[in-house]
file upload_7.pdb (PDB, C-alpha atoms)
ATOM      1  CA  GLU A  28     150.763 116.237 155.798
ATOM      2  CA  ALA A  29     151.628 116.432 152.094
ATOM      3  CA  GLY A  30     150.206 112.956 151.515
ATOM      4  CA  ALA A  31     153.338 110.797 151.379
ATOM      5  CA  THR A  32     152.713 107.156 152.228
ATOM      6  CA  SER A  33     156.363 106.153 152.661
ATOM      7  CA  VAL A  34     159.888 107.570 152.629
ATOM      8  CA  LEU A  35     162.879 106.585 150.473
ATOM      9  CA  LEU A  36     165.830 107.553 152.633
ATOM     10  CA  LEU A  37     169.532 107.810 151.912
ATOM     11  CA  PRO A  38     171.889 107.730 154.872
ATOM     12  CA  PRO A  39     173.441 111.078 155.836
ATOM     13  CA  ASN A  40     175.416 112.116 152.768
ATOM     14  CA  ALA A  41     176.868 115.544 153.393
ATOM     15  CA  TYR A  42     179.738 113.718 155.114
ATOM     16  CA  ARG A  43     180.860 110.125 155.678
ATOM     17  CA  ALA A  44     178.627 109.198 158.591
ATOM     18  CA  ASP A  45     179.676 106.560 161.096
ATOM     19  CA  HIS A  46     177.519 103.684 162.348
ATOM     20  CA  ARG A  47     175.957 105.633 165.229
ATOM     21  CA  ALA A  48     175.067 108.591 163.038
ATOM     22  CA  VAL A  49     173.435 106.353 160.422
ATOM     23  CA  VAL A  50     171.264 104.545 162.977
ATOM     24  CA  GLU A  51     170.217 107.795 164.656
ATOM     25  CA  HIS A  52     169.387 109.308 161.253
ATOM     26  CA  TYR A  53     166.985 106.433 160.512
ATOM     27  CA  ARG A  54     165.540 106.617 164.030
ATOM     28  CA  GLU A  55     164.780 110.296 163.620
ATOM     29  CA  VAL A  56     163.025 109.879 160.286
ATOM     30  CA  ALA A  57     161.111 106.793 161.490
ATOM     31  CA  ARG A  58     159.559 108.989 164.186
ATOM     32  CA  ALA A  59     157.410 110.534 161.444
ATOM     33  CA  GLY A  60     155.451 107.279 161.504
ATOM     34  CA  LEU A  61     155.756 106.427 157.799
ATOM     35  CA  PRO A  62     157.304 103.237 156.398
ATOM     36  CA  VAL A  63     160.936 103.920 155.518
ATOM     37  CA  VAL A  64     162.777 102.285 152.627
ATOM     38  CA  ALA A  65     166.532 102.618 153.006
ATOM     39  CA  TYR A  66     168.443 103.645 149.899
ATOM     40  CA  ASN A  67     171.863 102.024 149.777
ATOM     41  CA  ASN A  68     174.066 103.914 147.335
ATOM     42  CA  PRO A  69     177.610 103.698 148.723
ATOM     43  CA  ILE A  70     179.046 104.890 145.411
ATOM     44  CA  ASP A  71     177.607 108.381 145.781
ATOM     45  CA  THR A  72     177.034 108.700 149.545
ATOM     46  CA  LYS A  73     180.290 107.041 150.732
ATOM     47  CA  VAL A  74     178.172 105.339 153.409
ATOM     48  CA  ASP A  75     177.510 101.635 152.936
ATOM     49  CA  LEU A  76     174.345 100.138 154.364
ATOM     50  CA  THR A  77     175.796  96.653 154.737
ATOM     51  CA  PRO A  78     173.514  93.636 155.227
ATOM     52  CA  ALA A  79     174.374  93.643 158.950
ATOM     53  CA  LEU A  80     173.509  97.327 159.309
ATOM     54  CA  LEU A  81     170.287  96.895 157.342
ATOM     55  CA  ALA A  82     169.361  94.002 159.616
ATOM     56  CA  GLU A  83     169.947  96.191 162.665
ATOM     57  CA  LEU A  84     167.721  98.929 161.234
ATOM     58  CA  PHE A  85     165.054  96.391 160.267
ATOM     59  CA  HIS A  86     164.962  94.578 163.607
ATOM     60  CA  GLU A  87     164.629  97.910 165.420
ATOM     61  CA  GLY A  88     161.601  98.623 163.227
ATOM     62  CA  LEU A  89     163.181 101.584 161.457
ATOM     63  CA  VAL A  90     163.027 100.332 157.848
ATOM     64  CA  VAL A  91     160.724  98.050 155.867
ATOM     65  CA  GLY A  92     162.805  97.681 152.718
ATOM     66  CA  VAL A  93     165.975  98.624 150.903
ATOM     67  CA  LYS A  94     166.654 100.016 147.462
ATOM     68  CA  GLU A  95     169.898  98.124 146.825
ATOM     69  CA  PHE A  96     172.274 100.029 144.540
ATOM     70  CA  SER A  97     175.664  98.727 145.668
ATOM     71  CA  GLY A  98     175.957  96.507 142.583
ATOM     72  CA  ASP A  99     176.927  93.552 144.780
ATOM     73  CA  VAL A 100     174.204  91.023 144.004
ATOM     74  CA  ARG A 101     175.589  88.588 146.585
ATOM     75  CA  ARG A 102     174.166  90.844 149.291
ATOM     76  CA  ALA A 103     170.613  89.811 148.442
ATOM     77  CA  TYR A 104     171.111  86.426 150.076
ATOM     78  CA  GLU A 105     172.818  87.797 153.175
ATOM     79  CA  ILE A 106     170.082  90.412 153.600
ATOM     80  CA  ALA A 107     167.451  87.664 153.386
ATOM     81  CA  GLU A 108     169.310  85.603 155.997
ATOM     82  CA  LEU A 109     169.931  88.450 158.447
ATOM     83  CA  ALA A 110     166.661  90.333 157.960
ATOM     84  CA  PRO A 111     163.935  87.975 156.742
ATOM     85  CA  GLY A 112     160.937  90.120 155.881
ATOM     86  CA  LEU A 113     162.946  93.149 154.743
ATOM     87  CA  ASP A 114     161.754  93.958 151.232
ATOM     88  CA  LEU A 115     164.549  93.964 148.654
ATOM     89  CA  LEU A 116     164.043  96.430 145.800
ATOM     90  CA  VAL A 117     166.205  96.379 142.679
ATOM     91  CA  GLY A 118     167.996  99.712 142.748
ATOM     92  CA  ALA A 119     169.893  99.589 139.448
ATOM     93  CA  ASP A 120     168.614  98.431 136.078
ATOM     94  CA  ASP A 121     171.715  96.397 135.210
ATOM     95  CA  VAL A 122     171.274  93.952 138.106
ATOM     96  CA  LEU A 123     167.568  93.313 137.521
ATOM     97  CA  LEU A 124     167.879  89.647 136.617
ATOM     98  CA  GLU A 125     170.317  88.810 139.395
ATOM     99  CA  LEU A 126     168.321  90.517 142.160
ATOM    100  CA  GLY A 127     164.991  89.353 140.729
ATOM    101  CA  VAL A 128     166.107  85.731 140.905
ATOM    102  CA  ALA A 129     167.440  86.396 144.420
ATOM    103  CA  GLY A 130     164.020  87.426 145.703
ATOM    104  CA  ALA A 131     163.516  91.135 144.971
ATOM    105  CA  VAL A 132     159.903  92.249 145.365
ATOM    106  CA  GLY A 133     160.152  95.561 143.535
ATOM    107  CA  TRP A 134     162.219  97.685 141.180
ATOM    108  CA  ILE A 135     162.931 101.403 141.428
ATOM    109  CA  ALA A 136     163.752 101.695 137.784
ATOM    110  CA  GLY A 137     165.175 104.045 135.171
ATOM    111  CA  TYR A 138     164.950 102.533 131.717
ATOM    112  CA  PRO A 139     161.256 101.608 131.848
ATOM    113  CA  ASN A 140     160.774 105.309 131.105
ATOM    114  CA  ALA A 141     162.168 104.639 127.621
ATOM    115  CA  ILE A 142     161.072 101.039 126.931
ATOM    116  CA  PRO A 143     158.205 100.407 129.369
ATOM    117  CA  GLU A 144     156.478  97.374 127.864
ATOM    118  CA  SER A 145     159.615  95.293 127.454
ATOM    119  CA  THR A 146     161.102  96.170 130.834
ATOM    120  CA  VAL A 147     157.860  95.504 132.709
ATOM    121  CA  GLU A 148     157.644  92.115 131.019
ATOM    122  CA  LEU A 149     161.287  91.458 131.886
ATOM    123  CA  TYR A 150     160.590  92.290 135.536
ATOM    124  CA  ARG A 151     157.625  89.899 135.549
ATOM    125  CA  LEU A 152     159.808  87.121 134.151
ATOM    126  CA  VAL A 153     162.803  87.589 136.470
ATOM    127  CA  THR A 154     160.634  87.642 139.600
ATOM    128  CA  SER A 155     158.684  84.539 138.602
ATOM    129  CA  ASP A 156     159.052  81.218 140.407
ATOM    130  CA  ASP A 157     158.682  79.398 137.091
ATOM    131  CA  PRO A 158     162.056  78.271 135.670
ATOM    132  CA  ALA A 159     160.601  78.600 132.161
ATOM    133  CA  ASP A 160     160.048  82.318 132.767
ATOM    134  CA  ILE A 161     163.650  82.757 133.910
ATOM    135  CA  ALA A 162     164.812  80.977 130.754
ATOM    136  CA  LYS A 163     162.729  83.426 128.683
ATOM    137  CA  ALA A 164     164.157  86.378 130.603
ATOM    138  CA  VAL A 165     167.834  85.673 129.959
ATOM    139  CA  PRO A 166     167.961  86.491 126.222
ATOM    140  CA  ILE A 167     165.797  89.592 126.749
ATOM    141  CA  TYR A 168     168.096  90.749 129.547
ATOM    142  CA  ARG A 169     171.127  90.227 127.323
ATOM    143  CA  ASP A 170     169.519  92.250 124.532
ATOM    144  CA  LEU A 171     168.559  95.116 126.853
ATOM    145  CA  HIS A 172     171.698  95.174 128.985
ATOM    146  CA  PRO A 173     173.642  97.603 126.767
ATOM    147  CA  LEU A 174     170.943 100.142 127.689
ATOM    148  CA  LEU A 175     170.213  99.008 131.236
ATOM    149  CA  ARG A 176     173.836  99.488 132.293
ATOM    150  CA  TRP A 177     173.584 103.238 131.635
ATOM    151  CA  ASP A 178     171.367 103.460 134.732
ATOM    152  CA  SER A 179     174.469 102.821 136.874
ATOM    153  CA  LYS A 180     176.640 105.446 135.211
ATOM    154  CA  THR A 181     177.134 109.085 136.149
ATOM    155  CA  GLU A 182     175.202 110.210 133.081
ATOM    156  CA  PHE A 183     172.171 108.021 133.851
ATOM    157  CA  VAL A 184     169.550 110.789 133.806
ATOM    158  CA  GLN A 185     170.753 112.229 130.503
ATOM    159  CA  SER A 186     171.063 108.712 129.068
ATOM    160  CA  ILE A 187     167.510 107.729 129.941
ATOM    161  CA  LYS A 188     166.132 111.020 128.636
ATOM    162  CA  LEU A 189     167.988 110.601 125.339
ATOM    163  CA  SER A 190     166.692 107.046 124.965
ATOM    164  CA  MET A 191     163.182 108.298 125.695
ATOM    165  CA  ASP A 192     163.493 110.886 122.922
ATOM    166  CA  ILE A 193     164.718 108.252 120.466
ATOM    167  CA  ALA A 194     161.867 105.911 121.433
ATOM    168  CA  GLY A 195     159.308 108.654 120.827
ATOM    169  CA  ARG A 196     158.695 109.515 124.472
ATOM    170  CA  LYS A 197     159.418 113.013 125.752
ATOM    171  CA  GLY A 198     162.723 112.935 127.594
ATOM    172  CA  GLY A 199     164.108 116.380 126.927
ATOM    173  CA  ALA A 200     167.102 118.176 128.336
ATOM    174  CA  CYS A 201     168.295 118.019 131.940
ATOM    175  CA  ARG A 202     168.356 121.021 134.209
ATOM    176  CA  PRO A 203     171.684 122.263 135.583
ATOM    177  CA  PRO A 204     173.916 121.256 137.208
ATOM    178  CA  ARG A 205     173.659 118.213 134.927
ATOM    179  CA  LEU A 206     175.339 118.928 131.616
ATOM    180  CA  ALA A 207     174.532 117.774 128.116
ATOM    181  CA  LEU A 208     176.139 114.472 127.147
ATOM    182  CA  PRO A 209     179.480 114.570 125.330
ATOM    183  CA  THR A 210     179.020 113.726 121.661
ATOM    184  CA  GLU A 211     180.749 110.350 121.880
ATOM    185  CA  VAL A 212     178.553 109.268 124.807
ATOM    186  CA  ALA A 213     175.368 110.480 123.109
ATOM    187  CA  ASP A 214     176.373 108.591 119.970
ATOM    188  CA  ARG A 215     176.894 105.377 121.956
ATOM    189  CA  ILE A 216     173.529 105.671 123.730
ATOM    190  CA  THR A 217     171.819 106.480 120.442
ATOM    191  CA  ALA A 218     173.304 103.392 118.822
ATOM    192  CA  ASP A 219     172.419 101.193 121.807
ATOM    193  CA  THR A 220     168.851 102.503 121.857
ATOM    194  CA  GLU A 221     168.340 102.109 118.119
ATOM    195  CA  ALA A 222     169.669  98.543 118.299
ATOM    196  CA  VAL A 223     167.210  97.648 121.063
ATOM    197  CA  LEU A 224     164.279  99.253 119.216
ATOM    198  CA  ALA A 225     165.271  97.510 115.980
ATOM    199  CA  LYS A 226     164.844  94.159 117.774
ATOM    200  CA  GLY A 227     161.233  95.058 118.493
ATOM    201  CA  TYR A 228     161.543  96.073 122.138
ATOM    202  CA  LYS A 229     159.294  98.903 123.226
TER     203      LYS A 229
END
call {"tool": "encode", "arguments": {"input": "upload_7.pdb", "output": "structure tokens"}}
result
Amino acid sequence: EAGATSVLLLPPNAYRADHRAVVEHYREVARAGLPVVAYNNPIDTKVDLTPALLAELFHEGLVVGVKEFSGDVRRAYEIAELAPGLDLLVGADDVLLELGVAGAVGWIAGYPNAIPESTVELYRLVTSDDPADIAKAVPIYRDLHPLLRWDSKTEFVQSIKLSMDIAGRKGGACRPPRLALPTEVADRITADTEAVLAKGYK
């Protein structure tokens, strides 16, 4: 009714849900009739949407894709084997190249907020079928990785906002309960951002 065209859905995360509870959770939301993209973030939810569980959800028609944030890039191949047709979305900036090469069809991204042109170009290169594009992507990925890895850290929102400010885009402060970055962390992110910008990335 509000106009949503799809749902990005974590598993139950107020407790460590078991297999049955996870499946029923996705069944209930799928009843709304919108495409559901599962969000696998076992680090924060303590519930792991394994390739086998994703395949079960996919084959029952409950999910159409997965935002993969486990950090285990090997899963991309098992997901493709067990659930061909399930869209794989890069869920963390610091595995973009690995999941792009493995067949990802999208990226739910953080750092493009700070350096949009360079990260969009990087995404285009890593999802290309042309080996020459992959070869071009590797040095860019190496240059950007000191920033991209902040997307997988606890302070990712503050980090991206600080990098946005440094790059001349409005990032601003976070609302509570997120706290301001400790000085040493802010200094590291500032240095990493300035180094990336100095190389001409934008």
call {"tool": "closest_residue", "arguments": {"input": "upload_7.pdb", "among": "A:Pro69, A:Pro166, A:Ser179, A:Ala159", "to": "Val122 of chain A", "atoms": "all atoms listed in the file"}}
result
A:Ser179
call {"tool": "residues_around", "arguments": {"input": "upload_7.pdb", "residues": "segment 171-178 of chain A", "least_positions_apart": "2", "cutoff": "9 Å", "atoms": "only C-alpha atoms", "output": "ChimeraX atom specification"}}
result
/A:119-123,136-138,145-146,166-169,180-184,186-187,190,216,219-220,223,228
call {"tool": "residues_around", "arguments": {"input": "upload_7.pdb", "residues": "Val91 of chain A", "least_positions_apart": "4", "cutoff": "10 Å", "atoms": "all atoms listed in the file", "output": "count of residues only"}}
result
15
call {"tool": "closest_residue", "arguments": {"input": "upload_7.pdb", "among": "A:Leu149, A:Val49, A:Ala162, A:Ala141", "to": "Lys188 of chain A", "atoms": "all atoms listed in the file"}}
result
A:Ala141
call {"tool": "closest_residue", "arguments": {"input": "upload_7.pdb", "among": "A:Asn140, A:Ala164, A:Lys94, A:Ile106", "to": "Val128 of chain A", "atoms": "only C-alpha atoms"}}
result
A:Ala164
call {"tool": "atom_distance", "arguments": {"input": "upload_7.pdb", "atom1": "atom CA of Ala103 of chain A", "atom2": "atom CA of Leu80 of chain A"}}
result
13.5 Å
call {"tool": "resolve_selection", "arguments": {"input": "upload_7.pdb", "expression": "the PyMOL selection byres ((chain A and resi 73-79) around 7)", "output": "ChimeraX atom specification"}}
result
/A:38,43-44,67-72,80-83,102,105-106,109
call {"tool": "write_last_selection", "arguments": {"input": "upload_7.pdb", "atoms": "C-alpha atoms", "output": "PDB file, in the coordinates of the input"}}
result
ATOM      1  CA  PRO A  38     171.889 107.730 154.872  1.00  0.00           C
ATOM      2  CA  ARG A  43     180.860 110.125 155.678  1.00  0.00           C
ATOM      3  CA  ALA A  44     178.627 109.198 158.591  1.00  0.00           C
ATOM      4  CA  ASN A  67     171.863 102.024 149.777  1.00  0.00           C
ATOM      5  CA  ASN A  68     174.066 103.914 147.335  1.00  0.00           C
ATOM      6  CA  PRO A  69     177.610 103.698 148.723  1.00  0.00           C
ATOM      7  CA  ILE A  70     179.046 104.890 145.411  1.00  0.00           C
ATOM      8  CA  ASP A  71     177.607 108.381 145.781  1.00  0.00           C
ATOM      9  CA  THR A  72     177.034 108.700 149.545  1.00  0.00           C
ATOM     10  CA  LEU A  80     173.509  97.327 159.309  1.00  0.00           C
ATOM     11  CA  LEU A  81     170.287  96.895 157.342  1.00  0.00           C
ATOM     12  CA  ALA A  82     169.361  94.002 159.616  1.00  0.00           C
ATOM     13  CA  GLU A  83     169.947  96.191 162.665  1.00  0.00           C
ATOM     14  CA  ARG A 102     174.166  90.844 149.291  1.00  0.00           C
ATOM     15  CA  GLU A 105     172.818  87.797 153.175  1.00  0.00           C
ATOM     16  CA  ILE A 106     170.082  90.412 153.600  1.00  0.00           C
ATOM     17  CA  LEU A 109     169.931  88.450 158.447  1.00  0.00           C
TER      18      LEU A 109
END
call {"tool": "residues_near_point", "arguments": {"input": "upload_7.pdb", "point": "(168.6, 106.1, 160.7)", "cutoff": "10 Å", "atoms": "all atoms listed in the file", "output": "PyMOL selection string"}}
result
chain A and resi 36-39+46-57+63+65+81+84+89-90
call {"tool": "resolve_selection", "arguments": {"input": "upload_7.pdb", "expression": "the PyMOL selection byres ((chain A and resi 205) around 10)", "output": "CSV table (one decimal) with C-alpha atoms, in the frame of the given file"}}
result
chain,number,residue,atom,x,y,z
A,181,THR,CA,177.1,109.1,136.1
A,182,GLU,CA,175.2,110.2,133.1
A,184,VAL,CA,169.6,110.8,133.8
A,185,GLN,CA,170.8,112.2,130.5
A,200,ALA,CA,167.1,118.2,128.3
A,201,CYS,CA,168.3,118.0,131.9
A,202,ARG,CA,168.4,121.0,134.2
A,203,PRO,CA,171.7,122.3,135.6
A,204,PRO,CA,173.9,121.3,137.2
A,206,LEU,CA,175.3,118.9,131.6
A,207,ALA,CA,174.5,117.8,128.1
A,208,LEU,CA,176.1,114.5,127.1
call {"tool": "atom_distance", "arguments": {"input": "upload_7.pdb", "atom1": "atom CA of Val153 of chain A", "atom2": "atom CA of Trp134 of chain A"}}
result
11.2 Å
call {"tool": "closest_residue", "arguments": {"input": "upload_7.pdb", "among": "A:Ile142, A:Leu124, A:Ala59, A:Val132", "to": "Arg196 of chain A", "atoms": "all atoms listed in the file"}}
result
A:Ile142
call {"tool": "atom_distance", "arguments": {"input": "upload_7.pdb", "atom1": "atom CA of Glu95 of chain A", "atom2": "atom CA of Glu28 of chain A"}}
result
27.8 Å
call {"tool": "closest_residue", "arguments": {"input": "upload_7.pdb", "among": "A:Asp156, A:Glu144, A:Glu125, A:Glu211", "to": "Leu224 of chain A", "atoms": "only C-alpha atoms"}}
result
A:Glu144
call {"tool": "axis_aligned_box", "arguments": {"input": "upload_7.pdb", "around": "segment 89-102 of chain A", "padding_each_side": "5 Å", "output": "lines of an AutoDock Vina configuration file"}}
result
center_x = 168.8
center_y = 95.1
center_z = 152.0
size_x = 26.2
size_y = 23.0
size_z = 28.9
call {"tool": "residues_near_point", "arguments": {"input": "upload_7.pdb", "point": "(165.3, 85.4, 147.5)", "cutoff": "7 Å", "atoms": "only C-alpha atoms", "output": "ChimeraX atom specification"}}
result
/A:103-104,107,128-131
call {"tool": "closest_residue", "arguments": {"input": "upload_7.pdb", "among": "A:Glu221, A:Asp160, A:Asp170, A:Glu108", "to": "Met191 of chain A", "atoms": "all atoms listed in the file"}}
result
A:Glu221
